[in-house]
file final-v4.csv (CSV, C-alpha atoms and all ligand atoms)
chain,number,residue,atom,x,y,z
A,1,MET,CA,-32.1,2.3,-17.4
A,2,ARG,CA,-31.7,5.5,-15.3
A,3,LEU,CA,-28.7,6.0,-12.9
A,4,GLU,CA,-31.0,5.8,-9.9
A,5,GLU,CA,-32.3,2.4,-11.0
A,6,ILE,CA,-28.8,1.1,-11.8
A,7,LYS,CA,-27.8,2.1,-8.2
A,8,GLN,CA,-30.7,0.2,-6.7
A,9,ASN,CA,-29.8,-2.8,-8.9
A,10,ILE,CA,-26.2,-2.7,-7.8
A,11,LYS,CA,-27.2,-2.6,-4.1
A,12,LYS,CA,-29.6,-5.5,-4.6
A,13,GLN,CA,-27.1,-7.6,-6.5
A,14,LEU,CA,-24.2,-7.0,-4.0
A,15,ALA,CA,-26.3,-7.1,-0.8
A,16,ASN,CA,-24.9,-10.5,0.1
A,17,SER,CA,-21.3,-9.7,-0.7
A,18,TYR,CA,-20.9,-6.3,1.0
A,19,GLU,CA,-21.9,-4.5,4.2
A,20,PRO,CA,-24.2,-1.5,3.5
A,21,VAL,CA,-21.4,0.9,4.7
A,22,GLU,CA,-18.9,-0.6,2.3
A,23,LEU,CA,-21.4,-0.5,-0.6
A,24,ASN,CA,-22.2,3.1,0.0
A,25,SER,CA,-18.5,4.0,-0.1
A,26,LEU,CA,-17.6,2.0,-3.2
A,27,LEU,CA,-20.7,2.9,-5.2
A,28,PRO,CA,-19.8,6.5,-6.1
A,29,LEU,CA,-16.3,5.4,-7.1
A,30,PHE,CA,-17.7,2.7,-9.3
A,31,ILE,CA,-20.2,5.0,-11.0
A,32,GLU,CA,-17.6,7.7,-11.5
A,33,HIS,CA,-15.3,5.1,-13.2
A,34,ILE,CA,-17.9,4.2,-15.7
A,35,THR,CA,-19.8,7.5,-16.3
A,36,GLY,CA,-17.0,10.0,-15.5
A,37,TRP,CA,-19.4,11.8,-13.2
A,38,ASN,CA,-18.2,12.9,-9.8
A,39,GLN,CA,-20.5,12.6,-6.7
A,40,VAL,CA,-22.2,16.0,-7.3
A,41,GLN,CA,-22.8,15.2,-10.9
A,42,GLN,CA,-24.2,11.8,-9.9
A,43,VAL,CA,-26.9,13.5,-8.0
A,44,ILE,CA,-27.6,16.0,-10.8
A,45,HIS,CA,-27.8,13.1,-13.3
A,46,GLN,CA,-29.7,10.6,-11.2
A,47,ASN,CA,-32.7,10.5,-13.5
A,48,GLU,CA,-30.7,10.3,-16.7
A,49,GLU,CA,-30.8,7.3,-19.0
A,50,MET,CA,-27.5,5.3,-19.1
A,51,LEU,CA,-25.8,4.8,-22.4
A,52,PRO,CA,-25.9,1.1,-23.5
A,53,GLU,CA,-22.1,0.7,-23.2
A,54,TRP,CA,-22.3,2.0,-19.6
A,55,GLU,CA,-25.0,-0.5,-18.7
A,56,LYS,CA,-22.7,-3.2,-20.1
A,57,ALA,CA,-19.8,-1.9,-18.1
A,58,PHE,CA,-21.9,-1.8,-14.9
A,59,GLN,CA,-23.0,-5.5,-15.4
A,60,GLU,CA,-19.3,-6.6,-15.9
A,61,GLY,CA,-18.2,-4.6,-12.9
A,62,ILE,CA,-21.0,-5.9,-10.7
A,63,LEU,CA,-19.9,-9.5,-11.6
A,64,GLN,CA,-16.3,-8.7,-10.7
A,65,LEU,CA,-17.3,-7.0,-7.4
A,66,ALA,CA,-19.6,-10.0,-6.5
A,67,GLN,CA,-16.6,-12.3,-7.1
A,68,GLY,CA,-14.6,-10.2,-4.6
A,69,LYS,CA,-12.4,-8.2,-6.9
A,70,PRO,CA,-11.3,-5.1,-4.9
A,71,ILE,CA,-12.9,-1.9,-6.2
A,72,GLN,CA,-9.4,-0.4,-6.5
A,73,TYR,CA,-8.4,-3.0,-9.1
A,74,ILE,CA,-11.6,-2.5,-11.0
A,75,ILE,CA,-11.2,1.3,-11.2
A,76,GLY,CA,-7.4,1.0,-11.4
A,77,LYS,CA,-6.6,3.4,-8.7
A,78,SER,CA,-6.2,3.9,-5.0
A,79,TRP,CA,-6.0,6.9,-2.7
A,80,PHE,CA,-2.7,7.5,-0.7
A,81,LEU,CA,-1.9,10.6,1.3
A,82,GLY,CA,-3.8,12.9,-0.9
A,83,ASN,CA,-3.0,11.4,-4.3
A,84,ASP,CA,-4.5,8.8,-6.7
A,85,TYR,CA,-2.1,5.9,-7.4
A,86,PHE,CA,-2.6,3.6,-10.3
A,87,VAL,CA,-2.9,0.0,-9.1
A,88,ASN,CA,-3.3,-3.4,-10.8
A,89,GLU,CA,-3.0,-7.0,-9.5
A,90,SER,CA,0.8,-6.8,-9.6
A,91,VAL,CA,0.9,-4.5,-6.6
A,92,LEU,CA,-0.6,-4.3,-3.1
A,93,ILE,CA,-3.4,-1.8,-2.6
A,94,PRO,CA,-1.9,0.9,-0.4
A,95,ARG,CA,-3.2,0.8,3.1
A,96,PRO,CA,-4.1,3.6,5.6
A,97,GLU,CA,-1.5,2.3,8.2
A,98,THR,CA,1.2,2.8,5.6
A,99,GLU,CA,0.2,6.4,5.3
A,100,GLU,CA,0.9,6.7,9.0
A,101,LEU,CA,4.4,5.2,8.5
A,102,VAL,CA,5.1,7.7,5.8
A,103,GLU,CA,4.0,10.5,8.0
A,104,TRP,CA,6.3,9.3,10.8
A,105,VAL,CA,9.3,9.2,8.3
A,106,SER,CA,8.4,12.6,7.0
A,107,GLU,CA,8.1,14.1,10.5
A,108,TYR,CA,11.5,12.7,11.4
A,109,ALA,CA,13.1,13.9,8.2
A,110,GLN,CA,11.8,17.5,8.8
A,111,ILE,CA,13.4,17.5,12.2
A,112,ILE,CA,16.8,16.4,10.7
A,113,ASN,CA,16.4,19.2,8.2
A,114,LYS,CA,19.0,18.3,5.6
A,115,PRO,CA,18.8,16.7,2.2
A,116,LEU,CA,18.4,12.9,2.9
A,117,HIS,CA,19.0,9.8,0.9
A,118,ILE,CA,16.1,7.4,1.4
A,119,ALA,CA,15.5,3.9,0.2
A,120,ASP,CA,12.1,2.2,0.1
A,121,ILE,CA,12.5,-1.6,0.1
A,122,GLY,CA,9.5,-3.5,-1.4
A,123,THR,CA,8.1,-0.5,-3.1
A,124,GLY,CA,5.1,-2.1,-4.9
A,125,SER,CA,3.0,0.7,-6.3
A,126,GLY,CA,5.7,3.1,-5.3
A,127,CYS,CA,3.4,4.8,-2.8
A,128,ILE,CA,5.9,5.2,0.0
A,129,ALA,CA,8.8,6.3,-2.2
A,130,ILE,CA,6.7,8.7,-4.2
A,131,ALA,CA,4.9,10.2,-1.2
A,132,LEU,CA,8.2,10.8,0.5
A,133,SER,CA,9.7,12.3,-2.6
A,134,LEU,CA,6.7,14.7,-2.8
A,135,LEU,CA,6.8,15.5,0.9
A,136,LEU,CA,10.6,16.0,1.0
A,137,PRO,CA,11.5,17.7,-2.3
A,138,ASP,CA,15.2,17.9,-1.3
A,139,ALA,CA,15.5,14.1,-0.6
A,140,THR,CA,17.0,11.6,-3.0
A,141,VAL,CA,14.7,8.6,-3.1
A,142,THR,CA,15.2,5.1,-4.4
A,143,GLY,CA,12.4,2.5,-4.6
A,144,ILE,CA,13.5,-1.2,-4.7
A,145,ASP,CA,11.4,-4.2,-5.6
A,146,ILE,CA,11.9,-7.8,-6.8
A,147,SER,CA,8.9,-7.6,-9.2
A,148,GLU,CA,9.4,-6.1,-12.6
A,149,ASP,CA,5.6,-5.7,-13.0
A,150,ALA,CA,5.4,-3.8,-9.7
A,151,LEU,CA,8.2,-1.5,-10.8
A,152,LYS,CA,6.3,-0.7,-14.0
A,153,VAL,CA,3.4,0.4,-11.9
A,154,ALA,CA,5.6,2.5,-9.6
A,155,LYS,CA,7.3,4.2,-12.6
A,156,LYS,CA,3.8,5.0,-14.1
A,157,ASN,CA,2.8,6.6,-10.8
A,158,ALA,CA,6.0,8.6,-10.5
A,159,THR,CA,5.5,10.0,-14.0
A,160,ALA,CA,1.8,10.8,-13.3
A,161,LEU,CA,2.7,12.5,-10.0
A,162,THR,CA,5.9,14.1,-11.3
A,163,ALA,CA,8.0,12.5,-8.5
A,164,ASN,CA,11.7,12.1,-9.0
A,165,VAL,CA,12.5,8.6,-7.8
A,166,GLU,CA,15.1,6.1,-8.9
A,167,TRP,CA,13.8,2.5,-9.3
A,168,VAL,CA,15.9,-0.6,-8.8
A,169,GLN,CA,14.9,-4.2,-9.4
A,170,GLN,CA,16.6,-6.3,-6.7
A,171,ASP,CA,15.8,-9.4,-4.6
A,172,ILE,CA,16.5,-8.2,-1.1
A,173,LEU,CA,16.7,-11.7,0.4
A,174,MET,CA,19.5,-12.6,-2.1
A,175,SER,CA,21.5,-9.4,-1.8
A,176,ALA,CA,24.9,-8.8,-0.2
A,177,SER,CA,24.5,-5.0,-0.4
A,178,LEU,CA,22.1,-2.2,-1.3
A,179,PRO,CA,22.6,0.1,-4.3
A,180,ALA,CA,24.0,3.0,-2.2
A,181,ASN,CA,24.2,4.4,1.4
A,182,TYR,CA,21.1,5.9,3.0
A,183,ASP,CA,20.0,8.1,5.9
A,184,ILE,CA,16.7,6.4,6.0
A,185,ILE,CA,15.7,2.9,4.9
A,186,VAL,CA,11.9,2.4,5.0
A,187,SER,CA,10.1,-0.8,4.3
A,188,ASN,CA,6.6,-2.3,4.4
A,189,PRO,CA,7.8,-5.8,3.5
A,190,PRO,CA,5.8,-9.0,3.2
A,191,TYR,CA,5.0,-10.0,6.8
A,192,ILE,CA,2.0,-12.3,7.0
A,193,PRO,CA,2.8,-15.8,8.0
A,194,LEU,CA,1.4,-18.2,5.4
A,195,ARG,CA,-0.7,-20.0,8.0
A,196,GLU,CA,-2.9,-16.9,8.3
A,197,LYS,CA,-3.9,-17.2,4.6
A,198,ALA,CA,-6.8,-19.5,5.4
A,199,THR,CA,-8.4,-17.0,7.7
A,200,MET,CA,-8.0,-14.0,5.5
A,201,GLN,CA,-10.7,-12.5,3.2
A,202,ASP,CA,-10.9,-13.9,-0.4
A,203,GLN,CA,-10.8,-10.3,-1.6
A,204,VAL,CA,-7.2,-10.1,-0.4
A,205,THR,CA,-5.9,-13.6,-1.0
A,206,LEU,CA,-7.5,-14.2,-4.4
A,207,HIS,CA,-6.5,-10.8,-5.9
A,208,GLU,CA,-3.5,-9.2,-4.1
A,209,PRO,CA,-0.1,-10.7,-5.0
A,210,ASP,CA,1.1,-13.4,-2.7
A,211,ILE,CA,4.7,-12.1,-3.1
A,212,ALA,CA,3.6,-8.8,-1.5
A,213,LEU,CA,1.9,-10.4,1.5
A,214,PHE,CA,3.3,-13.7,2.7
A,215,VAL,CA,6.3,-15.0,4.5
A,216,THR,CA,7.0,-18.5,5.7
A,217,ASN,CA,5.6,-19.6,9.1
A,218,GLU,CA,9.1,-20.7,10.1
A,219,ASP,CA,10.8,-17.3,9.6
A,220,PRO,CA,8.2,-14.5,9.5
A,221,LEU,CA,10.7,-11.8,10.4
A,222,ILE,CA,13.1,-12.7,7.5
A,223,PHE,CA,12.7,-9.4,5.6
A,224,TYR,CA,13.4,-7.3,8.8
A,225,LYS,CA,16.4,-9.4,9.6
A,226,MET,CA,17.8,-9.1,6.1
A,227,ILE,CA,17.2,-5.3,5.9
A,228,ALA,CA,18.7,-4.8,9.4
A,229,ARG,CA,21.7,-6.8,8.3
A,230,LEU,CA,22.1,-4.8,5.1
A,231,GLY,CA,21.6,-1.6,7.1
A,232,LYS,CA,24.7,-2.2,9.0
A,233,GLN,CA,26.7,-1.4,5.9
A,234,ALA,CA,24.2,0.8,4.1
A,235,LEU,CA,23.1,3.2,6.8
A,236,ASN,CA,24.9,6.6,7.1
A,237,LYS,CA,25.9,7.9,10.5
A,238,ASN,CA,22.7,8.3,12.6
A,239,GLY,CA,20.8,6.5,9.8
A,240,GLN,CA,17.3,5.1,10.6
A,241,LEU,CA,15.3,2.1,9.7
A,242,PHE,CA,11.5,2.6,9.5
A,243,PHE,CA,9.3,-0.5,9.2
A,244,GLU,CA,5.6,-1.3,9.0
A,245,ILE,CA,4.9,-4.5,11.0
A,246,HIS,CA,2.3,-7.1,11.6
A,247,TYR,CA,0.3,-6.0,14.7
A,248,ASP,CA,1.5,-9.0,16.7
A,249,GLN,CA,5.2,-8.9,15.7
A,250,GLY,CA,6.2,-5.9,17.8
A,251,PRO,CA,7.9,-7.6,20.8
A,252,ALA,CA,9.6,-10.2,18.7
A,253,LEU,CA,11.0,-7.6,16.3
A,254,LEU,CA,12.1,-5.3,19.1
A,255,LYS,CA,14.0,-8.3,20.6
A,256,LEU,CA,15.5,-9.3,17.2
A,257,LEU,CA,16.7,-5.7,16.5
A,258,ASP,CA,18.2,-5.4,20.0
A,259,GLU,CA,20.1,-8.6,19.4
A,260,MET,CA,21.3,-7.1,16.1
A,261,ASN,CA,22.7,-4.1,17.9
A,262,TYR,CA,19.9,-1.6,17.1
A,263,HIS,CA,17.9,0.7,19.4
A,264,ALA,CA,14.3,0.3,18.4
A,265,GLU,CA,11.1,2.2,19.1
A,266,LEU,CA,7.6,0.8,18.6
A,267,ARG,CA,4.6,2.9,17.5
A,268,GLN,CA,0.9,2.2,17.4
A,269,ASP,CA,-1.4,3.0,14.5
A,270,MET,CA,-4.6,5.0,14.9
A,271,PHE,CA,-6.4,1.9,16.2
A,272,GLY,CA,-3.9,1.4,19.0
A,273,LYS,CA,-2.2,-1.6,17.3
A,274,ASP,CA,1.6,-2.1,17.2
A,275,ARG,CA,2.2,-1.2,13.5
A,276,MET,CA,5.6,0.6,13.1
A,277,ILE,CA,9.1,0.5,14.3
A,278,ARG,CA,12.0,2.9,14.0
A,279,ALA,CA,15.5,1.6,14.7
A,280,SER,CA,19.1,3.0,14.6
A,281,LEU,CA,22.4,1.3,15.3
A,282,LYS,CA,23.6,1.5,18.9
A,283,LYS,CA,26.5,3.8,19.4
A,301,LIG,C1,3.6,-5.4,1.5
A,301,LIG,S1,4.1,-5.0,-0.1
A,301,LIG,C2,4.4,-3.3,0.1
A,301,LIG,C3,4.1,-2.5,-1.2
A,301,LIG,C4,4.1,-0.9,-0.9
A,301,LIG,N1,5.4,-0.5,-0.4
A,301,LIG,C5,3.0,-0.5,0.0
A,301,LIG,O1,3.4,-0.2,1.2
A,301,LIG,O2,1.9,-0.5,-0.4
A,301,LIG,C6,5.7,-5.7,-0.2
A,301,LIG,C7,6.5,-5.6,-1.5
A,301,LIG,O3,7.7,-6.3,-1.4
A,301,LIG,C8,8.1,-6.8,-2.6
A,301,LIG,N2,9.0,-8.0,-2.4
A,301,LIG,C9,8.6,-9.3,-2.1
A,301,LIG,N3,9.7,-10.0,-1.9
A,301,LIG,C10,10.8,-9.2,-2.2
A,301,LIG,C11,12.2,-9.4,-2.3
A,301,LIG,N4,12.7,-10.6,-2.0
A,301,LIG,N5,13.0,-8.4,-2.6
A,301,LIG,C12,12.5,-7.2,-2.8
A,301,LIG,N6,11.1,-6.9,-2.8
A,301,LIG,C13,10.3,-7.9,-2.5
A,301,LIG,C14,6.7,-7.2,-3.3
A,301,LIG,O4,6.8,-7.3,-4.7
A,301,LIG,C15,5.8,-6.1,-2.8
A,301,LIG,O5,5.8,-5.1,-3.8
call {"tool": "encode", "arguments": {"input": "final-v4.csv", "output": "structure tokens"}}
result
Amino acid sequence: MRLEEIKQNIKKQLANSYEPVELNSLLPLFIEHITGWNQVQQVIHQNEEMLPEWEKAFQEGILQLAQGKPIQYIIGKSWFLGNDYFVNESVLIPRPETEELVEWVSEYAQIINKPLHIADIGTGSGCIAIALSLLLPDATVTGIDISEDALKVAKKNATALTANVEWVQQDILMSASLPANYDIIVSNPPYIPLREKATMQDQVTLHEPDIALFVTNEDPLIFYKMIARLGKQALNKNGQLFFEIHYDQGPALLKLLDEMNYHAELRQDMFGKDRMIRASLKK
């Protein structure tokens, strides 16, 4: 079968599972994963016959896509702030709103203009820790996660991107302290109340790790509360917390942080949704 025919086949077989726009954006990634051809080469080779092993790989991949497996897990990579990160089902697929959080931290760090100690709590693929370490070469960065499998992914990414990050396996909800003191503690922790699981896409709930996504309905701000508590000992003078948040948690989290003696500032993402918070201890 020729590449062009394979493309038409994929579009037909996945028409019920994906919007046309989504299909058009995942198709070149899927084809590149199997053939090794970039988008330009895919045009040049559109009339070329596929190798039998490629046809087999296409059929297997189509089945996985039809079952809702995210393309990032199929091709084993995701794009974050200009770099490819290896991902598998042990880690959350990095999201665009998290890129905005990293940009905010980096802008802040550049204004401070001194070598900073930074901790990333719930590091997952390591995308926040590694991106900050690449953007701020003078910073000392530590990535913390409860999951050994996630830390394996983070280490692999750090090696591939030659980022110098220290990795620590730690359960932040069971910790009396952090590994060191920091100028910045950044976190995109689990924050989706479990009750929302039923309304979320299967693509997310069946494939991304529950441990990365969900918190109890009763205490959805538990990670922020714990990190703010740990921050009281672990933040250096003028130290800052930076959090990614659920779009409807802004006011509740501002109130919680105020009660815990922090000044906090809320920021919206590019879609105008409350998505990030910066906080520092009141003087
Ligand atoms: C929302 S994901 C964020 C992953 C990555 N930082 C990102 O932004 O793409 C949350 C991460 O917190 C980790 N995590 C969950 N519970 C934890 C705990 N009790 N202590 C430390 N890390 C935890 C999960 O393994 C997961 O990697």
call {"tool": "closest_atom_pairs", "arguments": {"input": "final-v4.csv", "of": "chain A", "to": "ligand LIG 301 (chain A)", "cutoff": "8 Å", "atoms": "only C-alpha atoms and all ligand atoms", "output": "Markdown table"}}
result
| residue | atom | partner | partner_atom | distance |
| --- | --- | --- | --- | --- |
| A:Ser90 | CA | A:LIG301 | O4 | 7.8 |
| A:Val91 | CA | A:LIG301 | O5 | 5.7 |
| A:Leu92 | CA | A:LIG301 | O2 | 5.3 |
| A:Ile93 | CA | A:LIG301 | O2 | 5.9 |
| A:Pro94 | CA | A:LIG301 | O2 | 4.0 |
| A:Arg95 | CA | A:LIG301 | O2 | 6.3 |
| A:Thr98 | CA | A:LIG301 | O1 | 5.8 |
| A:Asp120 | CA | A:LIG301 | N1 | 7.2 |
| A:Ile121 | CA | A:LIG301 | N6 | 6.2 |
| A:Gly122 | CA | A:LIG301 | O3 | 3.3 |
| A:Thr123 | CA | A:LIG301 | N1 | 3.8 |
| A:Gly124 | CA | A:LIG301 | O5 | 3.3 |
| A:Ser125 | CA | A:LIG301 | C4 | 5.7 |
| A:Gly126 | CA | A:LIG301 | N1 | 6.1 |
| A:Cys127 | CA | A:LIG301 | C5 | 6.0 |
| A:Ile128 | CA | A:LIG301 | N1 | 5.7 |
| A:Ala129 | CA | A:LIG301 | N1 | 7.8 |
| A:Ile144 | CA | A:LIG301 | C12 | 6.4 |
| A:Asp145 | CA | A:LIG301 | N6 | 3.9 |
| A:Ile146 | CA | A:LIG301 | C12 | 4.1 |
| A:Ser147 | CA | A:LIG301 | O4 | 5.0 |
| A:Ala150 | CA | A:LIG301 | O5 | 6.1 |
| A:Gln169 | CA | A:LIG301 | C12 | 7.6 |
| A:Gln170 | CA | A:LIG301 | C12 | 5.7 |
| A:Asp171 | CA | A:LIG301 | N5 | 3.6 |
| A:Ile172 | CA | A:LIG301 | N5 | 3.8 |
| A:Leu173 | CA | A:LIG301 | N4 | 4.8 |
| A:Met174 | CA | A:LIG301 | N4 | 7.1 |
| A:Ser187 | CA | A:LIG301 | N1 | 6.7 |
| A:Asn188 | CA | A:LIG301 | C2 | 4.9 |
| A:Pro189 | CA | A:LIG301 | C6 | 4.3 |
| A:Pro190 | CA | A:LIG301 | C1 | 4.5 |
| A:Tyr191 | CA | A:LIG301 | C1 | 7.2 |
| A:Pro209 | CA | A:LIG301 | O4 | 7.7 |
| A:Ile211 | CA | A:LIG301 | C9 | 4.9 |
| A:Ala212 | CA | A:LIG301 | C15 | 3.7 |
| A:Leu213 | CA | A:LIG301 | C1 | 5.3 |
| A:Phe223 | CA | A:LIG301 | N4 | 7.7 |
call {"tool": "residues_around", "arguments": {"input": "final-v4.csv", "residues": "Tyr224 in chain A", "least_positions_apart": "4", "cutoff": "9 Å", "atoms": "only C-alpha atoms", "output": "JSON, numbers by chain"}}
result
{"A": [187, 189, 220, 228, 229, 243, 253, 256, 257]}
call {"tool": "closest_residue", "arguments": {"input": "final-v4.csv", "among": "A:Ile6, A:Leu194, A:Val43, A:Leu230", "to": "Val215 in chain A", "atoms": "only C-alpha atoms"}}
result
A:Leu194
call {"tool": "closest_residue", "arguments": {"input": "final-v4.csv", "among": "A:Asn16, A:Thr205, A:Asn164, A:Asn238", "to": "Asn181 in chain A", "atoms": "all atoms listed in the file"}}
result
A:Asn238
call {"tool": "atom_distance", "arguments": {"input": "final-v4.csv", "atom1": "CA of Ser78 in chain A", "atom2": "CA of Glu99 in chain A"}}
result
12.4 Å
call {"tool": "atom_distance", "arguments": {"input": "final-v4.csv", "atom1": "CA of Leu136 in chain A", "atom2": "CA of Leu81 in chain A"}}
result
13.6 Å
call {"tool": "closest_residue", "arguments": {"input": "final-v4.csv", "among": "A:Asp202, A:Glu97, A:Asp210, A:Glu5", "to": "Gln46 in chain A", "atoms": "only C-alpha atoms"}}
result
A:Glu5
call {"tool": "atom_distance", "arguments": {"input": "final-v4.csv", "atom1": "CA of Arg195 in chain A", "atom2": "CA of Asn217 in chain A"}}
result
6.4 Å
call {"tool": "residues_near_point", "arguments": {"input": "final-v4.csv", "point": "(-19.0, 3.9, -3.6)", "cutoff": "12 Å", "atoms": "all atoms listed in the file", "output": "PyMOL selection string"}}
result
chain A and resi 7+10-11+18-33+38-39+42+65+70-72+75
call {"tool": "closest_residue", "arguments": {"input": "final-v4.csv", "among": "A:Ala57, A:Ile44, A:Ala180, A:Ile112", "to": "Thr142 in chain A", "atoms": "all atoms listed in the file"}}
result
A:Ala180
call {"tool": "axis_aligned_box", "arguments": {"input": "final-v4.csv", "around": "range 56-62 of chain A", "padding_each_side": "5 Å", "output": "lines of an AutoDock Vina configuration file"}}
result
center_x = -20.6
center_y = -4.2
center_z = -15.4
size_x = 14.8
size_y = 14.8
size_z = 19.4
call {"tool": "decode", "arguments": {"input": "final-v4.csv", "residues": "range 204-221 of chain A", "atoms": "N, CA, C and O atoms", "output": "PDB file, in the first residue's frame"}}
result
ATOM      1  N   VAL A 204      -7.858  10.305  28.784  1.00  0.00           N
ATOM      2  CA  VAL A 204      -7.104  10.688  29.981  1.00  0.00           C
ATOM      3  C   VAL A 204      -7.262   9.631  31.066  1.00  0.00           C
ATOM      4  O   VAL A 204      -6.287   9.092  31.584  1.00  0.00           O
ATOM      5  N   THR A 205      -8.511   9.302  31.409  1.00  0.00           N
ATOM      6  CA  THR A 205      -8.732   8.469  32.605  1.00  0.00           C
ATOM      7  C   THR A 205      -8.262   7.025  32.425  1.00  0.00           C
ATOM      8  O   THR A 205      -7.886   6.386  33.388  1.00  0.00           O
ATOM      9  N   LEU A 206      -8.283   6.511  31.179  1.00  0.00           N
ATOM     10  CA  LEU A 206      -7.867   5.113  30.994  1.00  0.00           C
ATOM     11  C   LEU A 206      -6.363   4.974  30.785  1.00  0.00           C
ATOM     12  O   LEU A 206      -5.831   3.878  30.855  1.00  0.00           O
ATOM     13  N   HIS A 207      -5.685   6.081  30.489  1.00  0.00           N
ATOM     14  CA  HIS A 207      -4.278   5.946  30.124  1.00  0.00           C
ATOM     15  C   HIS A 207      -3.312   6.731  31.003  1.00  0.00           C
ATOM     16  O   HIS A 207      -2.190   6.305  31.219  1.00  0.00           O
ATOM     17  N   GLU A 208      -3.722   7.898  31.493  1.00  0.00           N
ATOM     18  CA  GLU A 208      -2.783   8.670  32.318  1.00  0.00           C
ATOM     19  C   GLU A 208      -2.908   8.192  33.767  1.00  0.00           C
ATOM     20  O   GLU A 208      -3.976   7.736  34.204  1.00  0.00           O
ATOM     21  N   PRO A 209      -1.810   8.252  34.542  1.00  0.00           N
ATOM     22  CA  PRO A 209      -1.843   7.636  35.875  1.00  0.00           C
ATOM     23  C   PRO A 209      -2.767   8.373  36.856  1.00  0.00           C
ATOM     24  O   PRO A 209      -2.668   9.592  37.002  1.00  0.00           O
ATOM     25  N   ASP A 210      -3.638   7.626  37.510  1.00  0.00           N
ATOM     26  CA  ASP A 210      -4.543   8.216  38.514  1.00  0.00           C
ATOM     27  C   ASP A 210      -3.758   9.020  39.545  1.00  0.00           C
ATOM     28  O   ASP A 210      -4.186  10.097  39.972  1.00  0.00           O
ATOM     29  N   ILE A 211      -2.612   8.477  39.930  1.00  0.00           N
ATOM     30  CA  ILE A 211      -1.828   9.104  41.004  1.00  0.00           C
ATOM     31  C   ILE A 211      -1.338  10.506  40.607  1.00  0.00           C
ATOM     32  O   ILE A 211      -1.034  11.342  41.457  1.00  0.00           O
ATOM     33  N   ALA A 212      -1.288  10.759  39.297  1.00  0.00           N
ATOM     34  CA  ALA A 212      -0.852  12.078  38.822  1.00  0.00           C
ATOM     35  C   ALA A 212      -2.009  13.062  38.730  1.00  0.00           C
ATOM     36  O   ALA A 212      -1.804  14.270  38.644  1.00  0.00           O
ATOM     37  N   LEU A 213      -3.231  12.516  38.731  1.00  0.00           N
ATOM     38  CA  LEU A 213      -4.383  13.372  38.417  1.00  0.00           C
ATOM     39  C   LEU A 213      -5.262  13.712  39.612  1.00  0.00           C
ATOM     40  O   LEU A 213      -5.652  14.866  39.804  1.00  0.00           O
ATOM     41  N   PHE A 214      -5.589  12.680  40.415  1.00  0.00           N
ATOM     42  CA  PHE A 214      -6.741  12.831  41.301  1.00  0.00           C
ATOM     43  C   PHE A 214      -6.405  13.057  42.773  1.00  0.00           C
ATOM     44  O   PHE A 214      -5.406  12.562  43.288  1.00  0.00           O
ATOM     45  N   VAL A 215      -7.328  13.804  43.399  1.00  0.00           N
ATOM     46  CA  VAL A 215      -7.310  13.997  44.852  1.00  0.00           C
ATOM     47  C   VAL A 215      -8.710  13.665  45.374  1.00  0.00           C
ATOM     48  O   VAL A 215      -9.658  13.585  44.587  1.00  0.00           O
ATOM     49  N   THR A 216      -8.840  13.520  46.666  1.00  0.00           N
ATOM     50  CA  THR A 216     -10.156  13.164  47.206  1.00  0.00           C
ATOM     51  C   THR A 216     -11.111  14.361  47.068  1.00  0.00           C
ATOM     52  O   THR A 216     -10.678  15.522  47.063  1.00  0.00           O
ATOM     53  N   ASN A 217     -12.405  14.061  46.986  1.00  0.00           N
ATOM     54  CA  ASN A 217     -13.412  15.131  46.927  1.00  0.00           C
ATOM     55  C   ASN A 217     -13.404  15.942  48.211  1.00  0.00           C
ATOM     56  O   ASN A 217     -13.702  17.137  48.204  1.00  0.00           O
ATOM     57  N   GLU A 218     -13.057  15.269  49.313  1.00  0.00           N
ATOM     58  CA  GLU A 218     -13.146  15.903  50.630  1.00  0.00           C
ATOM     59  C   GLU A 218     -12.035  16.923  50.848  1.00  0.00           C
ATOM     60  O   GLU A 218     -12.230  17.921  51.541  1.00  0.00           O
ATOM     61  N   ASP A 219     -10.845  16.667  50.269  1.00  0.00           N
ATOM     62  CA  ASP A 219      -9.710  17.551  50.546  1.00  0.00           C
ATOM     63  C   ASP A 219      -8.909  17.838  49.268  1.00  0.00           C
ATOM     64  O   ASP A 219      -7.735  17.475  49.142  1.00  0.00           O
ATOM     65  N   PRO A 220      -9.540  18.509  48.291  1.00  0.00           N
ATOM     66  CA  PRO A 220      -8.887  18.661  46.982  1.00  0.00           C
ATOM     67  C   PRO A 220      -7.619  19.531  47.013  1.00  0.00           C
ATOM     68  O   PRO A 220      -6.805  19.464  46.104  1.00  0.00           O
ATOM     69  N   LEU A 221      -7.461  20.342  48.071  1.00  0.00           N
ATOM     70  CA  LEU A 221      -6.287  21.232  48.115  1.00  0.00           C
ATOM     71  C   LEU A 221      -5.159  20.632  48.963  1.00  0.00           C
ATOM     72  O   LEU A 221      -4.210  21.339  49.322  1.00  0.00           O
TER      73      LEU A 221
END
